[in-house]
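Source file: entry-v1.cif; contents: mmCIF, C-alpha atoms.
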data_query
#
loop_
_atom_site.label_atom_id
_atom_site.label_comp_id
_atom_site.auth_asym_id
_atom_site.auth_seq_id
_atom_site.Cartn_x
_atom_site.Cartn_y
_atom_site.Cartn_z
CA MET A 1 -8.36 -9.14 27.88
CA PHE A 2 -11.73 -10.10 29.38
CA SER A 3 -12.83 -12.76 31.82
CA GLY A 4 -16.19 -13.55 33.32
CA LEU A 5 -17.96 -11.47 30.69
CA ASN A 6 -21.44 -12.69 29.92
CA PHE A 7 -24.21 -10.84 28.14
CA VAL A 8 -27.19 -11.33 25.87
CA VAL A 9 -28.67 -8.86 23.41
CA VAL A 10 -32.07 -9.62 21.92
CA GLY A 11 -33.67 -8.17 18.81
CA GLY A 12 -34.90 -4.61 19.26
CA GLU A 13 -32.51 -3.98 22.11
CA ALA A 14 -29.48 -1.75 22.46
CA LEU A 15 -26.55 -2.41 24.75
CA VAL A 16 -24.20 0.43 25.59
CA VAL A 17 -20.78 -0.65 26.78
CA THR A 18 -19.08 1.85 29.05
CA GLY A 19 -15.87 1.87 30.99
CA ARG A 20 -12.63 3.74 31.49
CA ASN A 21 -10.22 4.39 28.62
CA GLY A 22 -8.47 1.14 27.86
CA ALA A 23 -11.13 -0.95 29.58
CA GLY A 24 -11.63 -2.90 26.36
CA LYS A 25 -14.80 -1.40 24.90
CA SER A 26 -13.39 -1.20 21.38
CA SER A 27 -11.74 -4.60 21.68
CA LEU A 28 -15.08 -6.12 22.66
CA LEU A 29 -16.72 -4.67 19.54
CA ARG A 30 -13.84 -5.85 17.34
CA LEU A 31 -14.15 -9.28 18.93
CA ILE A 32 -17.84 -9.45 18.06
CA ALA A 33 -17.00 -8.26 14.54
CA GLY A 34 -14.54 -11.14 14.18
CA LEU A 35 -11.55 -8.81 13.81
CA VAL A 36 -9.86 -10.03 16.97
CA HIS A 37 -9.25 -13.69 17.65
CA ARG A 38 -11.07 -15.22 20.65
CA SER A 39 -8.79 -17.33 22.80
CA ALA A 40 -11.70 -18.74 24.82
CA GLY A 41 -15.42 -18.30 25.22
CA ARG A 42 -18.40 -18.39 22.91
CA LEU A 43 -20.19 -15.93 20.72
CA GLU A 44 -23.50 -17.08 19.33
CA LEU A 45 -26.17 -15.68 17.08
CA SER A 46 -29.53 -17.38 17.06
CA GLY A 47 -31.83 -16.63 14.17
CA GLY A 48 -30.66 -14.47 11.32
CA ASP A 49 -29.32 -15.77 8.05
CA ALA A 50 -28.14 -19.35 8.59
CA GLU A 51 -25.82 -19.12 5.57
CA ALA A 52 -23.87 -16.13 6.87
CA THR A 53 -21.54 -15.75 9.84
CA LEU A 54 -22.13 -13.18 12.57
CA PRO A 55 -19.63 -10.61 11.21
CA GLU A 56 -21.24 -10.90 7.78
CA GLN A 57 -24.55 -9.77 9.27
CA ALA A 58 -23.09 -6.91 11.26
CA HIS A 59 -22.14 -3.32 10.52
CA TYR A 60 -18.97 -2.17 12.23
CA LEU A 61 -18.49 1.55 12.71
CA GLY A 62 -14.97 1.85 14.07
CA HIS A 63 -12.79 4.83 14.99
CA ASP A 64 -11.68 5.16 11.38
CA ASP A 65 -14.19 6.13 8.77
CA ALA A 66 -13.03 3.82 5.94
CA LEU A 67 -13.22 6.64 3.40
CA LYS A 68 -10.89 7.38 0.51
CA PRO A 69 -10.02 11.08 0.22
CA SER A 70 -9.58 10.98 -3.56
CA LEU A 71 -13.02 9.48 -4.22
CA SER A 72 -16.14 11.62 -4.11
CA VAL A 73 -18.72 11.32 -1.34
CA GLY A 74 -21.04 9.40 -3.67
CA GLU A 75 -18.30 7.09 -4.95
CA ASN A 76 -17.21 6.24 -1.41
CA LEU A 77 -20.70 5.26 -0.34
CA CYS A 78 -21.49 3.53 -3.65
CA PHE A 79 -18.45 1.32 -3.22
CA TRP A 80 -19.34 0.23 0.29
CA ALA A 81 -22.98 -0.28 -0.65
CA GLU A 82 -21.99 -2.58 -3.51
CA PHE A 83 -19.22 -4.33 -1.62
CA LEU A 84 -21.42 -5.02 1.41
CA GLY A 85 -24.17 -6.42 -0.79
CA GLY A 86 -26.52 -3.45 -0.99
CA ALA A 87 -28.01 -1.73 -4.01
CA ARG A 88 -26.78 1.38 -5.79
CA ALA A 89 -30.31 2.77 -5.55
CA ALA A 90 -30.02 2.94 -1.75
CA VAL A 91 -27.09 5.34 -1.90
CA ARG A 92 -28.99 8.55 -2.62
CA PRO A 93 -31.59 8.08 0.18
CA ALA A 94 -28.80 7.19 2.61
CA LEU A 95 -26.90 10.39 1.75
CA GLU A 96 -30.12 12.35 2.25
CA ALA A 97 -30.64 10.68 5.62
CA VAL A 98 -27.32 12.03 6.89
CA GLY A 99 -27.68 15.39 5.14
CA LEU A 100 -24.81 14.93 2.70
CA ALA A 101 -26.78 14.69 -0.56
CA PRO A 102 -25.74 18.19 -1.76
CA LEU A 103 -22.08 17.18 -1.41
CA GLU A 104 -22.38 13.97 -3.43
CA ASP A 105 -19.75 14.98 -6.02
CA LEU A 106 -17.28 16.54 -3.61
CA PRO A 107 -14.05 14.58 -2.98
CA ALA A 108 -14.10 13.17 0.54
CA ALA A 109 -10.79 14.92 1.24
CA TYR A 110 -12.68 18.18 1.70
CA LEU A 111 -15.07 16.87 4.35
CA SER A 112 -14.82 17.91 7.99
CA ALA A 113 -14.42 15.28 10.72
CA GLY A 114 -18.14 15.39 11.49
CA GLN A 115 -19.10 15.08 7.83
CA ARG A 116 -16.75 12.12 7.43
CA ARG A 117 -18.43 10.50 10.41
CA ARG A 118 -21.85 11.11 8.88
CA LEU A 119 -20.75 9.60 5.59
CA SER A 120 -19.64 6.43 7.32
CA ILE A 121 -22.92 6.36 9.26
CA ALA A 122 -24.73 6.51 5.89
CA ARG A 123 -23.31 3.02 5.27
CA LEU A 124 -25.51 1.65 8.06
CA VAL A 125 -28.62 2.91 6.27
CA ALA A 126 -27.55 2.07 2.71
CA VAL A 127 -27.12 -1.64 3.47
CA LYS A 128 -29.58 -3.42 5.77
CA ARG A 129 -27.91 -5.55 8.41
CA PRO A 130 -29.47 -6.70 11.69
CA ILE A 131 -26.54 -5.99 14.00
CA TRP A 132 -24.89 -2.61 14.43
CA LEU A 133 -21.56 -2.43 16.25
CA LEU A 134 -20.89 1.24 16.93
CA ASP A 135 -17.66 2.50 18.44
CA GLU A 136 -18.17 6.02 19.84
CA PRO A 137 -20.78 6.75 17.16
CA THR A 138 -21.43 10.32 18.28
CA SER A 139 -17.80 11.47 18.21
CA ALA A 140 -17.33 14.65 16.12
CA LEU A 141 -21.08 14.94 15.47
CA ASP A 142 -22.99 18.17 16.12
CA THR A 143 -26.31 18.21 17.99
CA GLN A 144 -28.43 18.02 14.85
CA SER A 145 -26.49 15.03 13.51
CA GLN A 146 -26.66 13.32 16.87
CA GLY A 147 -30.42 13.70 16.69
CA ARG A 148 -30.45 12.18 13.18
CA LEU A 149 -28.32 9.27 14.38
CA ALA A 150 -30.66 8.73 17.34
CA ASP A 151 -33.62 8.57 14.94
CA MET A 152 -31.77 6.05 12.77
CA MET A 153 -30.95 3.91 15.78
CA ASP A 154 -34.58 4.06 16.97
CA GLY A 155 -35.74 3.02 13.51
CA HIS A 156 -33.26 0.17 13.44
CA LEU A 157 -34.33 -1.08 16.89
CA SER A 158 -38.04 -0.85 16.14
CA GLY A 159 -37.37 -2.97 13.04
CA GLY A 160 -36.02 -5.70 15.32
CA GLY A 161 -32.33 -4.83 14.94
CA MET A 162 -29.67 -4.97 17.62
CA ILE A 163 -27.14 -2.35 18.60
CA VAL A 164 -24.00 -2.80 20.64
CA ALA A 165 -22.31 0.53 21.15
CA ALA A 166 -19.23 1.64 23.02
CA ALA A 167 -19.56 5.11 24.46
CA HIS A 168 -18.52 7.47 27.23
CA GLY A 169 -21.63 9.60 27.32
CA PRO A 170 -25.26 9.18 26.28
CA ILE A 171 -25.62 8.37 22.57
CA GLY A 172 -29.20 9.54 22.24
CA LEU A 173 -31.09 6.33 22.88
CA ASP A 174 -34.03 6.46 25.29
CA ALA A 175 -33.27 3.78 27.81
CA PRO A 176 -30.46 1.53 26.60
CA ARG A 177 -29.14 -1.27 28.72
CA GLU A 178 -25.76 -0.44 30.05
CA MET A 179 -22.82 -2.71 30.72
CA ARG A 180 -19.79 -1.36 32.50
CA LEU A 181 -16.41 -2.92 31.80
CA GLY A 182 -13.96 -2.63 34.59
CA PRO A 183 -11.81 -4.48 37.07
CA ALA A 184 -13.80 -7.29 38.70
CA MET B 185 -19.51 -10.88 -8.24
CA ASN B 186 -20.77 -7.31 -7.92
CA ALA B 187 -18.69 -6.84 -4.81
CA LEU B 188 -15.60 -8.13 -6.61
CA LEU B 189 -16.16 -5.76 -9.52
CA ALA B 190 -16.84 -2.84 -7.16
CA LEU B 191 -13.55 -3.44 -5.35
CA LEU B 192 -11.65 -3.79 -8.65
CA ILE B 193 -13.07 -0.54 -10.01
CA ARG B 194 -12.50 1.33 -6.76
CA ASP B 195 -8.85 0.32 -6.59
CA MET B 196 -8.25 1.24 -10.23
CA ARG B 197 -9.91 4.62 -9.65
CA LEU B 198 -7.76 5.24 -6.59
CA ALA B 199 -4.63 4.35 -8.55
CA VAL B 200 -5.26 6.83 -11.35
CA ARG B 201 -6.42 9.70 -9.12
CA VAL B 202 -4.24 12.15 -7.23
CA GLY B 203 -1.92 10.34 -4.85
CA GLY B 204 -2.33 6.99 -6.62
CA GLY B 205 0.73 5.22 -7.93
CA ALA B 206 -0.41 4.21 -11.42
CA LEU B 207 2.16 6.12 -13.47
CA MET B 208 4.97 6.13 -10.92
CA GLY B 209 6.03 2.62 -11.89
CA ALA B 210 6.12 3.46 -15.59
CA LEU B 211 8.11 6.65 -14.93
CA PHE B 212 10.59 4.80 -12.73
CA PHE B 213 10.95 2.16 -15.47
CA LEU B 214 11.64 4.93 -17.99
CA ILE B 215 14.32 6.51 -15.78
CA VAL B 216 16.10 3.21 -15.10
CA VAL B 217 16.21 2.33 -18.78
CA VAL B 218 17.30 5.82 -19.85
CA MET B 219 20.17 5.79 -17.36
CA MET B 220 21.54 2.44 -18.51
CA PRO B 221 23.15 3.66 -21.77
CA PHE B 222 24.82 6.47 -19.82
CA ALA B 223 26.32 3.95 -17.40
CA ILE B 224 27.31 1.35 -19.97
CA GLY B 225 28.34 3.62 -22.80
CA PRO B 226 27.16 3.93 -26.41
CA ASP B 227 28.19 0.45 -27.55
CA LEU B 228 25.14 -0.43 -29.66
CA ASN B 229 25.93 -4.13 -29.98
CA LEU B 230 26.39 -4.51 -26.25
CA LEU B 231 23.18 -2.61 -25.52
CA ALA B 232 21.21 -4.75 -27.96
CA ARG B 233 22.58 -7.91 -26.34
CA ILE B 234 21.79 -6.95 -22.75
CA GLY B 235 18.69 -4.90 -23.63
CA PRO B 236 16.12 -7.58 -22.74
CA ALA B 237 17.80 -8.18 -19.37
CA ILE B 238 17.78 -4.45 -18.59
CA LEU B 239 14.12 -4.17 -19.56
CA TRP B 240 13.28 -7.11 -17.31
CA LEU B 241 15.25 -5.77 -14.34
CA GLY B 242 13.68 -2.34 -14.74
CA ALA B 243 10.19 -3.82 -14.90
CA LEU B 244 10.88 -5.99 -11.84
CA LEU B 245 11.98 -3.02 -9.71
CA ALA B 246 9.23 -0.76 -11.05
CA SER B 247 6.51 -3.29 -10.30
CA LEU B 248 7.61 -3.41 -6.64
CA LEU B 249 7.51 0.35 -6.29
CA ALA B 250 3.85 0.90 -5.42
CA LEU B 251 3.23 -2.51 -3.88
CA ASP B 252 3.87 -1.46 -0.29
CA ARG B 253 0.83 0.87 -0.40
CA LEU B 254 -1.46 -1.94 -1.52
CA PHE B 255 -2.82 -2.76 1.95
CA VAL B 256 -1.29 -0.01 4.09
CA THR B 257 -3.77 2.71 3.03
CA ASP B 258 -6.73 0.36 3.58
CA HIS B 259 -5.29 -0.58 6.96
CA GLU B 260 -4.80 3.03 8.03
CA ASP B 261 -8.28 4.27 7.15
CA GLY B 262 -10.13 1.24 8.53
CA SER B 263 -11.26 -0.11 5.13
CA LEU B 264 -9.37 -3.34 5.67
CA ASP B 265 -11.56 -4.17 8.69
CA LEU B 266 -14.65 -3.92 6.54
CA LEU B 267 -13.05 -5.89 3.70
CA MET B 268 -12.34 -8.67 6.18
CA MET B 269 -15.93 -8.64 7.47
CA GLY B 270 -17.49 -8.77 4.01
CA ARG B 271 -19.36 -11.71 2.59
CA MET B 272 -16.69 -12.10 -0.05
CA PRO B 273 -13.88 -14.44 1.03
CA LEU B 274 -10.80 -12.40 1.90
CA GLU B 275 -8.80 -14.41 -0.65
CA LEU B 276 -11.01 -13.12 -3.46
CA ALA B 277 -10.92 -9.55 -2.18
CA VAL B 278 -7.14 -9.70 -2.02
CA ALA B 279 -7.00 -11.14 -5.55
CA ALA B 280 -9.25 -8.35 -6.84
CA LYS B 281 -6.91 -5.77 -5.31
CA ALA B 282 -3.91 -7.47 -6.92
CA ILE B 283 -5.57 -7.58 -10.33
CA ALA B 284 -6.42 -3.88 -10.06
CA HIS B 285 -2.81 -3.22 -9.08
CA TRP B 286 -1.48 -5.16 -12.06
CA LEU B 287 -3.84 -3.42 -14.49
CA THR B 288 -2.72 0.00 -13.28
CA THR B 289 1.01 -0.60 -12.74
CA GLY B 290 2.03 -3.86 -14.47
CA LEU B 291 0.19 -3.41 -17.74
CA PRO B 292 1.60 0.10 -18.41
CA LEU B 293 5.11 -1.39 -18.06
CA VAL B 294 4.28 -4.00 -20.72
CA ILE B 295 2.86 -1.33 -23.00
CA ILE B 296 5.79 1.09 -22.79
CA SER B 297 8.53 -1.57 -22.90
CA PRO B 298 8.73 -1.62 -26.76
CA VAL B 299 9.26 2.15 -26.76
CA LEU B 300 11.99 1.86 -24.14
CA GLY B 301 13.56 -0.95 -26.16
CA LEU B 302 14.31 1.66 -28.83
CA MET B 303 16.72 3.38 -26.46
CA LEU B 304 18.61 0.14 -25.96
CA ASN B 305 18.89 -0.62 -29.69
CA VAL B 306 16.74 -3.72 -29.33
CA GLU B 307 15.35 -4.60 -32.75
CA LEU B 308 11.65 -4.44 -33.54
CA ARG B 309 10.87 -8.16 -33.48
CA ALA B 310 12.83 -8.63 -30.27
CA MET B 311 10.91 -5.83 -28.59
CA GLY B 312 7.67 -7.65 -29.32
CA VAL B 313 9.08 -10.77 -27.71
CA VAL B 314 10.27 -8.90 -24.62
CA ALA B 315 6.83 -7.29 -24.24
CA LEU B 316 5.23 -10.73 -24.57
CA THR B 317 7.45 -12.20 -21.83
CA LEU B 318 6.73 -9.18 -19.63
CA ALA B 319 2.99 -9.63 -20.17
CA ALA B 320 3.32 -13.27 -19.12
CA GLY B 321 5.69 -12.62 -16.20
CA THR B 322 4.60 -9.38 -14.50
CA PRO B 323 1.42 -10.93 -13.00
CA ALA B 324 3.74 -13.31 -11.14
CA LEU B 325 5.69 -10.33 -9.78
CA THR B 326 2.49 -8.65 -8.56
CA PHE B 327 1.05 -11.77 -6.96
CA ILE B 328 4.34 -12.71 -5.24
CA GLY B 329 4.67 -9.11 -4.05
CA LEU B 330 1.10 -9.33 -2.74
CA VAL B 331 2.24 -11.76 -0.04
CA GLY B 332 5.02 -9.41 1.03
CA ALA B 333 2.60 -6.48 1.10
CA ALA B 334 0.22 -8.43 3.33
CA LEU B 335 3.05 -9.45 5.68
CA SER B 336 4.37 -5.92 6.09
CA VAL B 337 0.99 -4.19 6.38
CA ALA B 338 1.13 -3.40 10.08
CA LEU B 339 4.77 -2.31 10.08
CA ARG B 340 6.09 1.21 9.82
CA ARG B 341 8.41 1.61 6.86
CA GLY B 342 7.29 -1.80 5.67
CA GLY B 343 8.34 -0.92 2.12
CA LEU B 344 11.98 -1.76 2.80
CA LEU B 345 11.09 -5.07 4.39
CA LEU B 346 8.81 -5.75 1.44
CA ALA B 347 11.66 -5.38 -1.05
CA VAL B 348 13.96 -7.62 1.00
CA LEU B 349 11.24 -10.25 1.38
CA VAL B 350 9.97 -10.25 -2.17
CA LEU B 351 12.99 -9.71 -4.41
CA PRO B 352 14.63 -13.10 -3.71
CA LEU B 353 11.32 -14.83 -4.49
CA THR B 354 11.13 -13.15 -7.88
CA ILE B 355 14.46 -14.57 -9.08
CA PRO B 356 12.86 -17.54 -10.91
CA VAL B 357 10.54 -15.16 -12.77
CA LEU B 358 13.52 -13.04 -13.79
CA ILE B 359 15.56 -16.06 -14.91
CA PHE B 360 12.84 -17.56 -17.11
CA GLY B 361 11.67 -14.18 -18.37
CA VAL B 362 15.09 -13.17 -19.61
CA ALA B 363 15.82 -16.73 -20.83
CA ALA B 364 12.65 -16.74 -22.95
CA ALA B 365 13.41 -13.30 -24.38
CA ASN B 366 17.01 -14.23 -25.20
CA ALA B 367 15.98 -17.56 -26.69
CA ALA B 368 13.69 -15.80 -29.13
CA ILE B 369 16.22 -13.13 -30.03
CA VAL B 370 19.63 -14.81 -30.21
CA GLY B 371 18.82 -18.52 -29.80
CA PRO B 372 19.94 -21.25 -30.07
CA ALA B 373 17.74 -22.62 -27.27
CA PRO B 374 14.02 -22.84 -28.13
CA PHE B 375 11.61 -20.15 -26.89
CA GLY B 376 8.90 -22.59 -25.79
CA PRO B 377 10.20 -24.18 -22.56
CA PRO B 378 11.28 -21.04 -20.66
CA PHE B 379 8.15 -19.21 -21.79
CA THR B 380 5.80 -21.96 -20.63
CA ILE B 381 7.61 -22.12 -17.28
CA LEU B 382 7.17 -18.35 -17.01
CA CYS B 383 3.43 -18.75 -17.66
CA ALA B 384 3.32 -21.55 -15.09
CA LEU B 385 4.99 -19.32 -12.50
CA SER B 386 2.37 -16.64 -13.13
CA LEU B 387 -0.52 -19.08 -12.90
CA ALA B 388 0.82 -20.72 -9.73
CA SER B 389 1.33 -17.35 -8.01
CA LEU B 390 -2.15 -16.31 -9.14
CA VAL B 391 -3.54 -19.20 -7.10
CA LEU B 392 -1.13 -19.30 -4.16
CA GLY B 393 -0.52 -15.55 -3.72
CA PRO B 394 -4.04 -14.55 -2.60
CA VAL B 395 -4.35 -17.53 -0.24
CA ALA B 396 -1.02 -16.75 1.42
CA ALA B 397 -1.73 -13.01 1.52
CA ALA B 398 -5.18 -13.52 3.09
CA ALA B 399 -3.66 -15.82 5.72
CA ALA B 400 -0.96 -13.22 6.46
CA LEU B 401 -3.56 -10.46 6.82
CA ARG B 402 -5.75 -12.51 9.17
CA HIS B 403 -2.77 -13.44 11.28
CA GLY B 404 -1.22 -9.98 11.29
CA LEU B 405 -4.30 -8.10 12.43
CA GLU B 406 -5.18 -10.24 15.39
#

Exercise: express the given structure as C-alpha cells:
Amino acid sequence: MFSGLNFVVVGGEALVVTGRNGAGKSSLLRLIAGLVHRSAGRLELSGGDAEATLPEQAHYLGHDDALKPSLSVGENLCFWAEFLGGARAAVRPALEAVGLAPLEDLPAAYLSAGQRRRLSIARLVAVKRPIWLLDEPTSALDTQSQGRLADMMDGHLSGGGMIVAAAHGPIGLDAPREMRLGPA
Amino acid sequence: MNALLALLIRDMRLAVRVGGGALMGALFFLIVVVMMPFAIGPDLNLLARIGPAILWLGALLASLLALDRLFVTDHEDGSLDLLMMGRMPLELAVAAKAIAHWLTTGLPLVIISPVLGLMLNVELRAMGVVALTLAAGTPALTFIGLVGAALSVALRRGGLLLAVLVLPLTIPVLIFGVAAANAAIVGPAPFGPPFTILCALSLASLVLGPVAAAAALRHGLE
C-alpha cells in the first residue's frame, strides 16, 4: 500500500493527510489505529502511558459513526464513554459541546447525517485521549458545527494532543502541516 | 470491569429493543415444537418418548437463529473497529457479547421449554430435567456459534455459511444433552455421566470460543 512513507507528529501538532481518492488516506489512519496489519515498517509512540498501546491511547473517527439506531443519543454516548474508560459524568458536557444536549433522549435512528457525525465527535470530548485520528471529520457538518469542531481541535492541540486527519479540503485548523499521499 | 458491564448491558438493550432478536428465537422454538405433533400424529406415547429430543433440536436451531447478527451489525456501523481498539482484550469483549446473547436468546428457550413440553406430552418431572439439560447445554451452543459468527462477519449472506459451519460442531452437545434427558426420564443409564460431559462441553467452549472468535475477527478484518 505505502512505501517510503516517513513522518513525525509531535504533541500539539496536527498533520493533515491529503491525496486523491484511493491514495490510502483512510488506510493510513486505520494502520495507525492498529486496525490494519503492517507488513513492514515501524510505528512508534514516545511518551504517553507506558502501560497502553498506541491504539489504546487514540480516538478513531472513521467513516462510520459507530451508533446504534435503537439506542437514544445519551445511551449511545454513555456506552462509548464507559467502554473507552471515561466517566458517565462527562457525557452531558460532551453532548452540550456538540449541541445535541436537547436531543439526549431521542433514538439515534431519528438523527440526520450531520447530527450523527456530531454525536460521534462528542466521543472525542467525553473521553480524554492524546491522539485523535480523524477520517474526513467535517463530512456532513454545517458551518456552525465545523466551527465547533475547529474549536475542539484547537483545544485538544493546545493541551498537547496530536491530530492526524485525512481530508480533501480545509478542516478548520489554522496552519496544519500537510502531507500529500500520491505516486512517488 | 466497567467496560465489560457497559458492553453487556448495551447488547442486552439492543436485543430487546426494536429490531433486536431476543424473542425471535423463542418464537421459532415455539413454532417448531407446535408443528411436530402435526407431522408425527397424535400418538401420545410416541410424543412423550421423543419429546426431549424434539425440544433439544428445536432449541439448537432456535439458538442459531440470531447468531449471524452478533458481529455483523457492529461491523457495518463501525463499532467493531472501536471494540478492537479498546483497552479491554478483544477476547473479553467477545465473551461479553456472547453472554449478552445467551441471556437474551438462550435463557428464554430454557424458560419456555417446560411449557412447550406440555404439547409433547412430556411429564412434569421430565420437563424439569429437559430444562436443566438445556440450561447446561445452550451456553455451549452460543459459544460454539460465536466462532462461526466471527468467521462469517465480513461475508454477505454469512448466515447460511454460519449454519453449515456451526451445526456439525454442535453434534456432541446434542448427543449428550438428549442422552442426559433420556437417562433421567426412561433410564436405565445413569443421568450423571452424560450431564457432566454436557457441563464440560459448555465450560470448554466458554474458554475456547472467545479466544477463537477474537482470533477470527482480528484475522478477518485485516

- Item | Residues within 12 Å of segment 36-44 of chain A, all atoms listed in the file, excluding chain neighbours under 3 positions, as JSON, numbers by chain | {"A": [1, 2, 3, 4, 5, 6, 7, 8, 9, 10, 24, 26, 27, 28, 29, 30, 31, 32, 33, 47, 48, 50, 53, 54, 55], "B": [265, 268, 269, 401, 402, 403, 404, 405, 406]}

Keeping C-alpha atoms, export the residues of the selection given above as a CSV table (one decimal), keeping the file's coordinate frame.
chain,number,residue,atom,x,y,z
A,1,MET,CA,-8.4,-9.1,27.9
A,2,PHE,CA,-11.7,-10.1,29.4
A,3,SER,CA,-12.8,-12.8,31.8
A,4,GLY,CA,-16.2,-13.6,33.3
A,5,LEU,CA,-18.0,-11.5,30.7
A,6,ASN,CA,-21.4,-12.7,29.9
A,7,PHE,CA,-24.2,-10.8,28.1
A,8,VAL,CA,-27.2,-11.3,25.9
A,9,VAL,CA,-28.7,-8.9,23.4
A,10,VAL,CA,-32.1,-9.6,21.9
A,24,GLY,CA,-11.6,-2.9,26.4
A,26,SER,CA,-13.4,-1.2,21.4
A,27,SER,CA,-11.7,-4.6,21.7
A,28,LEU,CA,-15.1,-6.1,22.7
A,29,LEU,CA,-16.7,-4.7,19.5
A,30,ARG,CA,-13.8,-5.8,17.3
A,31,LEU,CA,-14.2,-9.3,18.9
A,32,ILE,CA,-17.8,-9.4,18.1
A,33,ALA,CA,-17.0,-8.3,14.5
A,47,GLY,CA,-31.8,-16.6,14.2
A,48,GLY,CA,-30.7,-14.5,11.3
A,50,ALA,CA,-28.1,-19.4,8.6
A,53,THR,CA,-21.5,-15.8,9.8
A,54,LEU,CA,-22.1,-13.2,12.6
A,55,PRO,CA,-19.6,-10.6,11.2
B,265,ASP,CA,-11.6,-4.2,8.7
B,268,MET,CA,-12.3,-8.7,6.2
B,269,MET,CA,-15.9,-8.6,7.5
B,401,LEU,CA,-3.6,-10.5,6.8
B,402,ARG,CA,-5.8,-12.5,9.2
B,403,HIS,CA,-2.8,-13.4,11.3
B,404,GLY,CA,-1.2,-10.0,11.3
B,405,LEU,CA,-4.3,-8.1,12.4
B,406,GLU,CA,-5.2,-10.2,15.4

- Item | Resolved residues for the PyMOL selection byres ((chain B) within 6 of (chain A)) as a PyMOL selection string | chain B and resi 187+190+261-263+269-271+406

- Have a look at B:Gly329, B:Ala310, B:Cys383, B:Pro292 and name the one nearest to Pro352 of chain B; count all atoms listed in the file.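 Nearest to Pro352 of chain B: B:Gly329.
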
- Residues returned when the PyMOL selection byres ((chain B and resi 242-253) around 7) runs on this file, as a ChimeraX atom specification: /B:205,209-210,212-213,216-217,238-241,254-257,289-290,293,326,329,333,342-343,346

- Message: For this structure, which residues satisfy the selection - the PyMOL selection byres ((chain A and resi 96-106) around 7) - when it is evaluated on the file as given? I want them as a PyMOL selection string.
- Response: chain A and resi 72-74+92-95+107-108+118+122

Which polymer residues have any atom within 12 Å of an atom of Lys25 of chain A, counting all atoms listed in the file, with same-chain residues fewer than 4 positions away left out, as a PDB file with C-alpha atoms, in the coordinates of the input?
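File produced: result13.pdb:
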ATOM      1  CA  MET A   1      -8.360  -9.140  27.880  1.00  0.00           C
ATOM      2  CA  PHE A   2     -11.730 -10.100  29.380  1.00  0.00           C
ATOM      3  CA  LEU A  15     -26.550  -2.410  24.750  1.00  0.00           C
ATOM      4  CA  VAL A  16     -24.200   0.430  25.590  1.00  0.00           C
ATOM      5  CA  VAL A  17     -20.780  -0.650  26.780  1.00  0.00           C
ATOM      6  CA  THR A  18     -19.080   1.850  29.050  1.00  0.00           C
ATOM      7  CA  GLY A  19     -15.870   1.870  30.990  1.00  0.00           C
ATOM      8  CA  ARG A  20     -12.630   3.740  31.490  1.00  0.00           C
ATOM      9  CA  ASN A  21     -10.220   4.390  28.620  1.00  0.00           C
ATOM     10  CA  LEU A  29     -16.720  -4.670  19.540  1.00  0.00           C
ATOM     11  CA  ARG A  30     -13.840  -5.850  17.340  1.00  0.00           C
ATOM     12  CA  LEU A  31     -14.150  -9.280  18.930  1.00  0.00           C
ATOM     13  CA  ILE A  32     -17.840  -9.450  18.060  1.00  0.00           C
ATOM     14  CA  GLY A  62     -14.970   1.850  14.070  1.00  0.00           C
ATOM     15  CA  HIS A  63     -12.790   4.830  14.990  1.00  0.00           C
ATOM     16  CA  LEU A 133     -21.560  -2.430  16.250  1.00  0.00           C
ATOM     17  CA  LEU A 134     -20.890   1.240  16.930  1.00  0.00           C
ATOM     18  CA  ASP A 135     -17.660   2.500  18.440  1.00  0.00           C
ATOM     19  CA  GLU A 136     -18.170   6.020  19.840  1.00  0.00           C
ATOM     20  CA  VAL A 164     -24.000  -2.800  20.640  1.00  0.00           C
ATOM     21  CA  ALA A 165     -22.310   0.530  21.150  1.00  0.00           C
ATOM     22  CA  ALA A 166     -19.230   1.640  23.020  1.00  0.00           C
ATOM     23  CA  ALA A 167     -19.560   5.110  24.460  1.00  0.00           C
ATOM     24  CA  HIS A 168     -18.520   7.470  27.230  1.00  0.00           C
ATOM     25  CA  MET A 179     -22.820  -2.710  30.720  1.00  0.00           C
ATOM     26  CA  ARG A 180     -19.790  -1.360  32.500  1.00  0.00           C
ATOM     27  CA  LEU A 181     -16.410  -2.920  31.800  1.00  0.00           C
ATOM     28  CA  GLY A 182     -13.960  -2.630  34.590  1.00  0.00           C
TER      29      GLY A 182
END

- Message: Given only C-alpha atoms as the basis, pick out the residue of B:Met208, B:Leu358, B:Ile283, B:Val299 nearest to Arg194 of chain B.
- Response: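 Looking only at the distances to Arg194 of chain B, the closest residue turns out to be B:Ile283.
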
- Task: With a distance cut-off of 7 Å and only C-alpha atoms, select the neighbouring residues of Leu192 of chain B, excluding the residue or stretch itself and same-chain residues fewer than 2 positions from it, and output the selection as a list in words.
- Result: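 So, after excluding close chain neighbours, the residues are Leu188, Leu189, Ala190, Arg194, Asp195, Met196, Ala280, Lys281 and Ala284 of chain B.
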
- Do a neighbour search on Phe327 of chain B at 6 Å with only C-alpha atoms, toss out local chain neighbours closer than 4 positions, and write the hits as an MDAnalysis selection string. chainID B and resid 389:390 393

- Message: Given only C-alpha atoms as the basis, pick out the residue of B:Ala400, B:Met303, B:Leu291, B:Val337 nearest to Met220 of chain B.
- Response: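 Checking each candidate against Met220 of chain B, we get B:Met303 as the closest.
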
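For the atom pair formed by atom CA of Ala397 of chain B and atom CA of Ala324 of chain B, the distance is 13.8 Å, given to one decimal.
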
- Determine, counting all atoms listed in the file, which protein, DNA and RNA residues have an atom within 9 Å of an atom of Val395 of chain B; residues of the same chain fewer than 6 positions away are not included. Present the result as a VMD selection string. chain B and resid 274 to 276 278 to 279 331

- Please, what distance in Å, to one decimal, runs between atom CA of Val370 of chain B and atom CA of Gly301 of chain B?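 Atom CA of Val370 of chain B sits 15.7 Å away from atom CA of Gly301 of chain B.
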
- In Å and to one decimal, atom CA of Gly361 of chain B is distant from atom CA of Leu318 of chain B by 7.1 Å

- Query: When distances are computed from only C-alpha atoms, which of A:Ile163, A:Ile131, A:Leu77, A:Leu141 shows the smallest separation from Pro176 of chain A?
  - Reply: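 Selected residue with least distance to Pro176 of chain A: A:Ile163.
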
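Proximity ranking of A:Gly11, A:Gly22, A:Gly169, A:Gly114 relative to Gln144 of chain A places A:Gly114 first, based on all atoms listed in the file.
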